[in-house]
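This is structure_25.txt. It holds compact mmCIF, C-alpha atoms.
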```
# COMPACT_ATOMS: atom_id res chain seq x y z
CA MET M 1 30.30 -45.03 -79.94
CA PRO M 2 27.21 -42.77 -80.33
CA ILE M 3 24.88 -43.67 -83.19
CA PHE M 4 24.08 -40.14 -84.33
CA ALA M 5 26.23 -37.08 -85.04
CA GLU M 6 23.35 -34.98 -83.71
CA LEU M 7 20.04 -35.71 -82.04
CA GLN M 8 16.98 -33.54 -81.49
CA VAL M 9 15.28 -34.28 -78.17
CA ASN M 10 11.54 -33.64 -77.91
CA ASN M 11 10.55 -33.70 -74.25
CA ASP M 12 6.80 -34.03 -74.63
CA ASP M 13 6.00 -35.36 -71.17
CA ALA M 14 4.67 -32.15 -69.62
CA ALA M 15 1.19 -32.68 -71.08
CA PRO M 16 0.02 -36.32 -71.14
CA ARG M 17 -1.86 -37.16 -74.35
CA SER M 18 -4.38 -39.71 -75.58
CA ALA M 19 -3.17 -42.93 -77.15
CA ALA M 20 -4.36 -41.83 -80.60
CA MET M 21 -2.60 -38.48 -80.33
CA ASN M 22 0.64 -40.05 -79.15
CA MET M 23 0.71 -42.36 -82.17
CA ALA M 24 -0.24 -39.50 -84.48
CA ILE M 25 2.56 -37.24 -83.24
CA ASP M 26 5.10 -40.00 -83.87
CA GLU M 27 3.93 -40.37 -87.47
CA ALA M 28 3.88 -36.58 -87.98
CA LEU M 29 7.47 -36.36 -86.72
CA LEU M 30 8.51 -39.05 -89.19
CA GLU M 31 6.86 -37.18 -92.08
CA THR M 32 8.76 -33.98 -91.35
CA ALA M 33 12.10 -35.22 -89.98
CA LYS M 34 15.24 -33.49 -91.21
CA ALA M 35 17.54 -34.87 -88.50
CA PRO M 36 17.46 -37.83 -86.08
CA SER M 37 15.17 -37.19 -83.12
CA ILE M 38 13.86 -38.83 -79.98
CA ARG M 39 10.61 -37.99 -78.23
CA PHE M 40 9.76 -38.93 -74.64
CA TYR M 41 6.07 -38.87 -73.76
CA ARG M 42 3.30 -39.84 -71.33
CA TRP M 43 -0.30 -41.04 -71.53
CA ASN M 44 -3.33 -39.23 -70.09
CA SER M 45 -4.89 -42.52 -68.93
CA PRO M 46 -3.87 -46.19 -68.70
CA ALA M 47 -3.37 -47.29 -72.31
CA LEU M 48 -2.59 -50.31 -74.44
CA SER M 49 -0.92 -50.23 -77.83
CA PHE M 50 -0.70 -53.22 -80.14
CA GLY M 51 1.18 -53.83 -83.37
CA TYR M 52 0.01 -53.01 -86.87
CA PHE M 53 -0.49 -56.71 -87.66
CA GLY M 54 -2.15 -57.54 -84.33
CA LYS M 55 -5.74 -58.73 -83.99
CA PHE M 56 -8.28 -56.54 -82.23
CA ALA M 57 -9.86 -59.68 -80.74
CA ASP M 58 -6.70 -60.15 -78.64
CA VAL M 59 -7.14 -56.78 -76.89
CA ALA M 60 -10.89 -56.08 -77.04
CA HIS M 61 -11.50 -57.15 -73.43
CA TYR M 62 -9.10 -54.44 -72.18
CA ALA M 63 -11.23 -51.65 -73.68
CA ALA M 64 -13.17 -50.97 -70.49
CA ALA M 65 -9.99 -50.27 -68.51
CA ARG M 66 -7.54 -48.89 -71.07
CA ASP M 67 -7.29 -46.51 -74.01
CA LEU M 68 -6.61 -48.84 -76.95
CA VAL M 69 -4.67 -47.93 -80.07
CA ARG M 70 -3.19 -49.82 -83.01
CA ARG M 71 0.38 -48.75 -83.69
CA TRP M 72 1.77 -48.05 -87.14
CA THR M 73 4.81 -50.12 -86.13
CA GLY M 74 4.75 -53.89 -85.61
CA GLY M 75 5.27 -55.90 -82.44
CA GLY M 76 2.98 -57.16 -79.71
CA ILE M 77 0.82 -55.81 -76.91
CA VAL M 78 2.32 -53.12 -74.65
CA PHE M 79 0.69 -51.72 -71.51
CA HIS M 80 1.35 -48.00 -70.98
CA GLY M 81 0.93 -45.61 -68.11
CA ASP M 82 3.78 -46.38 -65.75
CA ASP M 83 6.44 -46.73 -68.44
CA LEU M 84 8.87 -44.34 -70.09
CA THR M 85 7.72 -44.30 -73.70
CA TYR M 86 9.83 -42.94 -76.53
CA SER M 87 9.83 -42.68 -80.29
CA MET M 88 12.98 -42.34 -82.36
CA VAL M 89 12.95 -41.04 -85.93
CA ILE M 90 15.81 -41.51 -88.40
CA PRO M 91 15.25 -39.59 -91.67
CA SER M 92 16.16 -41.44 -94.85
CA GLY M 93 19.03 -39.01 -95.52
CA ASP M 94 20.87 -39.90 -92.31
CA PRO M 95 23.67 -42.51 -92.58
CA ALA M 96 22.10 -44.61 -89.81
CA PHE M 97 19.03 -45.22 -91.99
CA ASP M 98 21.13 -47.38 -94.32
CA GLU M 99 21.88 -49.87 -91.56
CA SER M 100 19.73 -52.97 -91.11
CA SER M 101 16.71 -52.76 -88.84
CA ILE M 102 18.19 -55.23 -86.34
CA SER M 103 21.47 -53.29 -86.27
CA ILE M 104 19.61 -50.07 -85.43
CA TYR M 105 17.51 -51.90 -82.83
CA GLU M 106 20.59 -53.35 -81.19
CA LYS M 107 22.57 -50.10 -81.19
CA VAL M 108 19.67 -48.15 -79.66
CA HIS M 109 19.29 -50.76 -76.94
CA CYS M 110 23.05 -50.76 -76.33
CA ALA M 111 22.76 -47.03 -75.69
CA LEU M 112 19.87 -47.65 -73.30
CA ARG M 113 21.84 -50.40 -71.56
CA ASN M 114 24.72 -47.97 -71.04
CA ALA M 115 22.35 -45.32 -69.69
CA LEU M 116 20.92 -47.78 -67.18
CA ALA M 117 24.34 -49.18 -66.25
CA ALA M 118 25.55 -45.68 -65.37
CA ASN M 119 23.60 -46.07 -62.11
CA GLY M 120 25.25 -49.37 -61.34
CA THR M 121 22.43 -51.54 -62.70
CA ARG M 122 23.51 -54.87 -64.19
CA VAL M 123 21.96 -54.85 -67.66
CA GLU M 124 22.36 -57.06 -70.72
CA LEU M 125 20.82 -57.55 -74.14
CA ALA M 126 18.90 -60.71 -75.01
CA VAL M 127 20.78 -63.07 -77.31
CA MET M 128 19.44 -65.56 -79.84
CA GLY M 129 19.94 -68.55 -77.57
CA ARG M 130 17.82 -66.97 -74.88
CA ASP M 131 15.08 -65.95 -77.30
CA ALA M 132 13.86 -69.49 -77.82
CA ALA M 133 13.55 -70.06 -74.08
CA LEU M 134 11.72 -66.81 -73.39
CA ARG M 135 9.32 -66.73 -76.30
CA ARG M 136 5.96 -68.22 -75.29
CA PRO M 137 4.17 -70.46 -77.82
CA ARG M 138 0.82 -69.34 -79.17
CA THR M 139 -2.20 -71.26 -77.87
CA ALA M 140 -5.75 -71.74 -79.05
CA GLN M 141 -7.08 -69.90 -76.01
CA ARG M 142 -8.01 -66.59 -77.64
CA ALA M 143 -9.11 -65.02 -74.33
CA VAL M 144 -5.50 -65.00 -73.09
CA PRO M 145 -3.17 -63.07 -75.43
CA THR M 146 0.18 -64.79 -75.96
CA ASN M 147 1.74 -61.82 -77.76
CA ILE M 148 2.20 -59.54 -74.75
CA CYS M 149 5.44 -57.81 -75.61
CA PHE M 150 7.09 -57.80 -72.18
CA ALA M 151 6.45 -61.51 -71.67
CA ASN M 152 8.44 -62.35 -74.80
CA ALA M 153 12.03 -61.21 -75.25
CA VAL M 154 13.57 -61.18 -78.71
CA ARG M 155 17.11 -60.54 -79.85
CA ALA M 156 18.64 -57.33 -78.44
CA ASP M 157 15.82 -56.55 -75.98
CA VAL M 158 17.10 -55.05 -72.73
CA MET M 159 17.17 -57.47 -69.80
CA ILE M 160 17.78 -57.27 -66.04
CA ASP M 161 18.08 -60.57 -64.13
CA GLY M 162 16.42 -62.44 -67.01
CA ARG M 163 13.49 -60.02 -67.09
CA LYS M 164 12.72 -57.87 -70.12
CA ILE M 165 12.58 -54.18 -69.23
CA ALA M 166 12.71 -52.57 -72.68
CA GLY M 167 11.52 -53.48 -76.16
CA ALA M 168 10.60 -51.64 -79.32
CA ALA M 169 8.97 -51.91 -82.75
CA GLN M 170 9.92 -50.32 -86.06
CA ARG M 171 8.45 -49.08 -89.31
CA ARG M 172 10.38 -48.10 -92.44
CA ALA M 173 8.86 -45.57 -94.82
CA PRO M 174 10.20 -43.44 -97.67
CA ALA M 175 10.69 -40.55 -95.22
CA GLY M 176 12.72 -42.60 -92.75
CA LEU M 177 12.54 -45.12 -89.92
CA LEU M 178 10.33 -44.89 -86.83
CA GLN M 179 11.15 -46.87 -83.70
CA GLN M 180 8.65 -46.82 -80.84
CA GLY M 181 9.88 -48.18 -77.53
CA SER M 182 8.84 -48.70 -73.92
CA ILE M 183 10.97 -48.94 -70.78
CA GLN M 184 9.30 -50.33 -67.66
CA GLY M 185 9.92 -52.15 -64.43
CA VAL M 186 12.96 -50.02 -63.48
CA ASP M 187 13.59 -46.65 -61.82
CA LEU M 188 12.56 -44.18 -64.53
CA GLY M 189 13.83 -41.16 -62.62
CA ASN M 190 17.36 -39.95 -61.95
CA GLY M 191 17.71 -38.47 -65.42
CA LEU M 192 17.28 -41.73 -67.33
CA ALA M 193 15.78 -40.04 -70.40
CA GLU M 194 18.63 -37.53 -70.55
CA ARG M 195 21.29 -40.22 -70.15
CA PHE M 196 19.62 -42.32 -72.85
CA ALA M 197 19.62 -39.40 -75.31
CA GLN M 198 23.24 -38.56 -74.53
CA ALA M 199 24.25 -42.19 -75.10
CA LEU M 200 22.69 -41.95 -78.57
CA SER M 201 24.54 -38.71 -79.42
CA THR M 202 27.00 -36.38 -77.75
CA ASN M 203 25.37 -33.50 -79.64
CA CYS M 204 21.81 -33.26 -78.31
CA SER M 205 19.55 -30.24 -78.73
CA GLU M 206 16.23 -29.67 -76.96
CA ARG M 207 13.16 -29.06 -79.14
CA THR M 208 9.52 -28.23 -78.48
CA MET M 209 6.53 -29.51 -80.41
CA ASN M 210 5.61 -26.84 -82.96
CA LYS M 211 2.09 -25.98 -84.11
CA GLU M 212 2.55 -27.55 -87.55
CA ILE M 213 3.43 -30.95 -86.05
CA LEU M 214 0.56 -30.79 -83.58
CA ASN M 215 -1.96 -29.73 -86.24
CA ARG M 216 -0.85 -32.56 -88.53
CA ALA M 217 -1.04 -34.99 -85.60
CA ARG M 218 -4.58 -33.93 -84.72
CA ALA M 219 -5.62 -34.65 -88.29
CA LEU M 220 -3.93 -38.08 -88.22
CA ALA M 221 -5.54 -38.88 -84.87
CA ASP M 222 -9.02 -37.90 -86.09
CA GLN M 223 -8.75 -39.59 -89.48
CA LYS M 224 -6.75 -42.68 -88.51
CA TYR M 225 -5.66 -43.61 -84.99
CA ALA M 226 -8.89 -42.72 -83.17
CA THR M 227 -11.17 -44.42 -85.70
CA GLN M 228 -12.82 -47.79 -85.27
CA GLY M 229 -11.76 -48.67 -88.80
CA TRP M 230 -8.09 -48.42 -87.84
CA LEU M 231 -8.51 -50.01 -84.41
CA ARG M 232 -10.40 -53.00 -85.79
CA LYS M 233 -8.34 -53.25 -88.99
CA ARG M 234 -7.68 -56.93 -88.26
```
Rendering of file as structure tokens:
Amino acid sequence: MPIFAELQVNNDDAAPRSAAMNMAIDEALLETAKAPSIRFYRWNSPALSFGYFGKFADVAHYAAARDLVRRWTGGGIVFHGDDLTYSMVIPSGDPAFDESSISIYEKVHCALRNALAANGTRVELAVMGRDAALRRPRTAQRAVPTNICFANAVRADVMIDGRKIAGAAQRRAPAGLLQQGSIQGVDLGNGLAERFAQALSTNCSERTMNKEILNRARALADQKYATQGWLRKR
């Protein structure tokens, strides 16, 4: 059963953006959301995002090769560039917002599983028993990050042949819930984004990024996501 009665779809992949601007747009969409929405986007260079609580020391050595950014959501290290990246916003007034975070996470990934399975792919969601086997222990070797997101499946991540191909991170705020996700290691063509959106809602409407959102995002990028203070917060 679809999660949302209606869903606004922001196809923002025509113009790849910087890591800071991508994060800023997601936050600006959350601030202004009146209805559930999903945004699909690209990166203008190889990038790396890491969770709000992550340590800059774990990613510093990637700076020469990738555009680094600290997310507002949690989670681990995600490499971007060849993935399908999305952000989903649920405003606080929508019934889905009242569900638990893990319930939302699982339902969104069920929709993604169904979208992938439509092409005959055998897909499943990670279960608790598998989590313990797949999660790598932390080590004292700081030069080798052990919190790389796609090396560590957690409950309800999307799996193919025991390999994680989709994960996400969330943030709850007074305005609503933001989920940022990445899909990688599978065929990202053949209308996957469209099928994913339609699995989330049978009532999808296409939207374009308006000037107000982009202006707010530029301010957030300049004042927050592109700053060294934010990047090196921890």
For atom CA of M:Gly75 and atom CA of M:Cys149, quote the distance in Å rounded to one decimal.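 Between atom CA of M:Gly75 and atom CA of M:Cys149 the gap is 7.1 Å.
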If we count only C-alpha atoms and set the cut-off at 8 Å, which residues sit around M:Phe150, ignoring sequence neighbours fewer than 2 positions away in its own chain? Please answer as a PyMOL selection string. chain M and resi 78+148+152-153+164-167
Take the selection from the previous step and output its residues with C-alpha atoms, as a short mmCIF file (atom, residue, chain, number, x, y, z; two decimals), keeping the file's coordinate frame.
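Okay, this is what ended up in again.cif:
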```
data_model
loop_
_atom_site.label_atom_id
_atom_site.label_comp_id
_atom_site.auth_asym_id
_atom_site.auth_seq_id
_atom_site.Cartn_x
_atom_site.Cartn_y
_atom_site.Cartn_z
CA VAL M 78 2.32 -53.12 -74.65
CA ILE M 148 2.20 -59.54 -74.75
CA ASN M 152 8.44 -62.35 -74.80
CA ALA M 153 12.03 -61.21 -75.25
CA LYS M 164 12.72 -57.87 -70.12
CA ILE M 165 12.58 -54.18 -69.23
CA ALA M 166 12.71 -52.57 -72.68
CA GLY M 167 11.52 -53.48 -76.16
#
```
Distance of atom CA of M:Trp72 from atom CA of M:Ala221, expressed in Å to one decimal place: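 Interatomic distance here is 11.9 Å.
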Excluding M:Lys34 and its own-chain neighbours fewer than 5 positions away, which residues fall within 9 Å of it when counting only C-alpha atoms? Please give them as an NGL selection string. :M and (90-94)
Long-range neighbours of M:Ala64 as an mmCIF file with C-alpha atoms, in the frame of the given file, 12 Å cut-off, all atoms listed in the file, 6 positions minimum in chain:
```
data_model
loop_
_atom_site.group_PDB
_atom_site.id
_atom_site.type_symbol
_atom_site.label_atom_id
_atom_site.label_comp_id
_atom_site.auth_asym_id
_atom_site.auth_seq_id
_atom_site.Cartn_x
_atom_site.Cartn_y
_atom_site.Cartn_z
ATOM 1 C CA SER M 45 -4.890 -42.520 -68.930
ATOM 2 C CA PRO M 46 -3.870 -46.190 -68.700
ATOM 3 C CA ALA M 47 -3.370 -47.290 -72.310
ATOM 4 C CA LEU M 48 -2.590 -50.310 -74.440
#
```
Would you mind telling me which residue in M:Ser205, M:Ile77, M:Lys55, M:Arg42 lies nearest to M:Glu6 when using all atoms listed in the file? M:Ser205
Counting all atoms listed in the file, find residues at most 12 Å from (6.1, -38.2, -87.3) (file frame) and give them as a short mmCIF file (atom, residue, chain, number, x, y, z; two decimals) with C-alpha atoms, in the coordinates of the input.
```
data_model
loop_
_atom_site.label_atom_id
_atom_site.label_comp_id
_atom_site.auth_asym_id
_atom_site.auth_seq_id
_atom_site.Cartn_x
_atom_site.Cartn_y
_atom_site.Cartn_z
CA ASN M 10 11.54 -33.64 -77.91
CA MET M 21 -2.60 -38.48 -80.33
CA ASN M 22 0.64 -40.05 -79.15
CA MET M 23 0.71 -42.36 -82.17
CA ALA M 24 -0.24 -39.50 -84.48
CA ILE M 25 2.56 -37.24 -83.24
CA ASP M 26 5.10 -40.00 -83.87
CA GLU M 27 3.93 -40.37 -87.47
CA ALA M 28 3.88 -36.58 -87.98
CA LEU M 29 7.47 -36.36 -86.72
CA LEU M 30 8.51 -39.05 -89.19
CA GLU M 31 6.86 -37.18 -92.08
CA THR M 32 8.76 -33.98 -91.35
CA ALA M 33 12.10 -35.22 -89.98
CA LYS M 34 15.24 -33.49 -91.21
CA ALA M 35 17.54 -34.87 -88.50
CA PRO M 36 17.46 -37.83 -86.08
CA SER M 37 15.17 -37.19 -83.12
CA ILE M 38 13.86 -38.83 -79.98
CA ARG M 39 10.61 -37.99 -78.23
CA TRP M 72 1.77 -48.05 -87.14
CA SER M 87 9.83 -42.68 -80.29
CA MET M 88 12.98 -42.34 -82.36
CA VAL M 89 12.95 -41.04 -85.93
CA ILE M 90 15.81 -41.51 -88.40
CA PRO M 91 15.25 -39.59 -91.67
CA ARG M 171 8.45 -49.08 -89.31
CA ARG M 172 10.38 -48.10 -92.44
CA ALA M 173 8.86 -45.57 -94.82
CA ALA M 175 10.69 -40.55 -95.22
CA GLY M 176 12.72 -42.60 -92.75
CA LEU M 177 12.54 -45.12 -89.92
CA LEU M 178 10.33 -44.89 -86.83
CA GLN M 179 11.15 -46.87 -83.70
CA GLN M 180 8.65 -46.82 -80.84
CA MET M 209 6.53 -29.51 -80.41
CA GLU M 212 2.55 -27.55 -87.55
CA ILE M 213 3.43 -30.95 -86.05
CA LEU M 214 0.56 -30.79 -83.58
CA ASN M 215 -1.96 -29.73 -86.24
CA ARG M 216 -0.85 -32.56 -88.53
CA ALA M 217 -1.04 -34.99 -85.60
CA ARG M 218 -4.58 -33.93 -84.72
CA LEU M 220 -3.93 -38.08 -88.22
CA ALA M 221 -5.54 -38.88 -84.87
#
```
Exercise: M:Pro16 partners within 7 Å, only C-alpha atoms, chain neighbours under 3 positions left out, as a list of chain:residue names: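 Skipping anything fewer than 3 positions along the chain leaves M:Asp13, M:Arg42, M:Trp43, M:Asn44.
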Can I get the selected residues back with C-alpha atoms, as a PDB file, in the coordinates of the input?
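Saved to again_18.pdb:
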```pdb
ATOM      1  CA  ASP M  13       6.000 -35.360 -71.170  1.00  0.00           C
ATOM      2  CA  ARG M  42       3.300 -39.840 -71.330  1.00  0.00           C
ATOM      3  CA  TRP M  43      -0.300 -41.040 -71.530  1.00  0.00           C
ATOM      4  CA  ASN M  44      -3.330 -39.230 -70.090  1.00  0.00           C
TER       5      ASN M  44
END
```
Provide the atom CA of M:Ile183 to atom CA of M:Thr85 distance in Å, to one decimal place. 6.4 Å
Among listed residues M:Gly51, M:Ala111, M:Ser18, M:Ala57, nearest M:Thr202 (using all atoms listed in the file):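 For M:Thr202, the nearest of the candidates is M:Ala111.
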Pick from M:Gln170, M:Asn11, M:Thr121, M:Ser101, whichever lies nearest to M:Tyr52 using all atoms listed in the file: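 Closest to M:Tyr52, using all atoms listed in the file: M:Gln170.
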Using all atoms listed in the file, which of M:Pro2, M:Gly229, M:Gly120, M:Gly81 sits nearest M:Gly185? M:Gly81
Among listed residues M:Ala19, M:Ala169, M:Asp187, M:Asn203, nearest M:Phe53 (using all atoms listed in the file):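 For M:Phe53, the nearest of the given residues is M:Ala169.
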Nearest-residue call for M:Leu84, choices M:Gly54, M:Gly191, M:Gly162, M:Gly181, using only C-alpha atoms: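 Between M:Gly54, M:Gly191, M:Gly162, M:Gly181, the residue approaching M:Leu84 most closely is M:Gly181.
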Within 7 Å of (-1.0, -46.9, -82.9) (coordinates as in the file), grab all the protein and nucleic acid residues, counting all atoms listed in the file, and write them out as a list in words.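 Applying the cut-off with all atoms listed in the file, one gets Ala20, Met23, Ser49, Phe50, Val69, Arg70, Arg71, Trp72 and Tyr225 of chain M.
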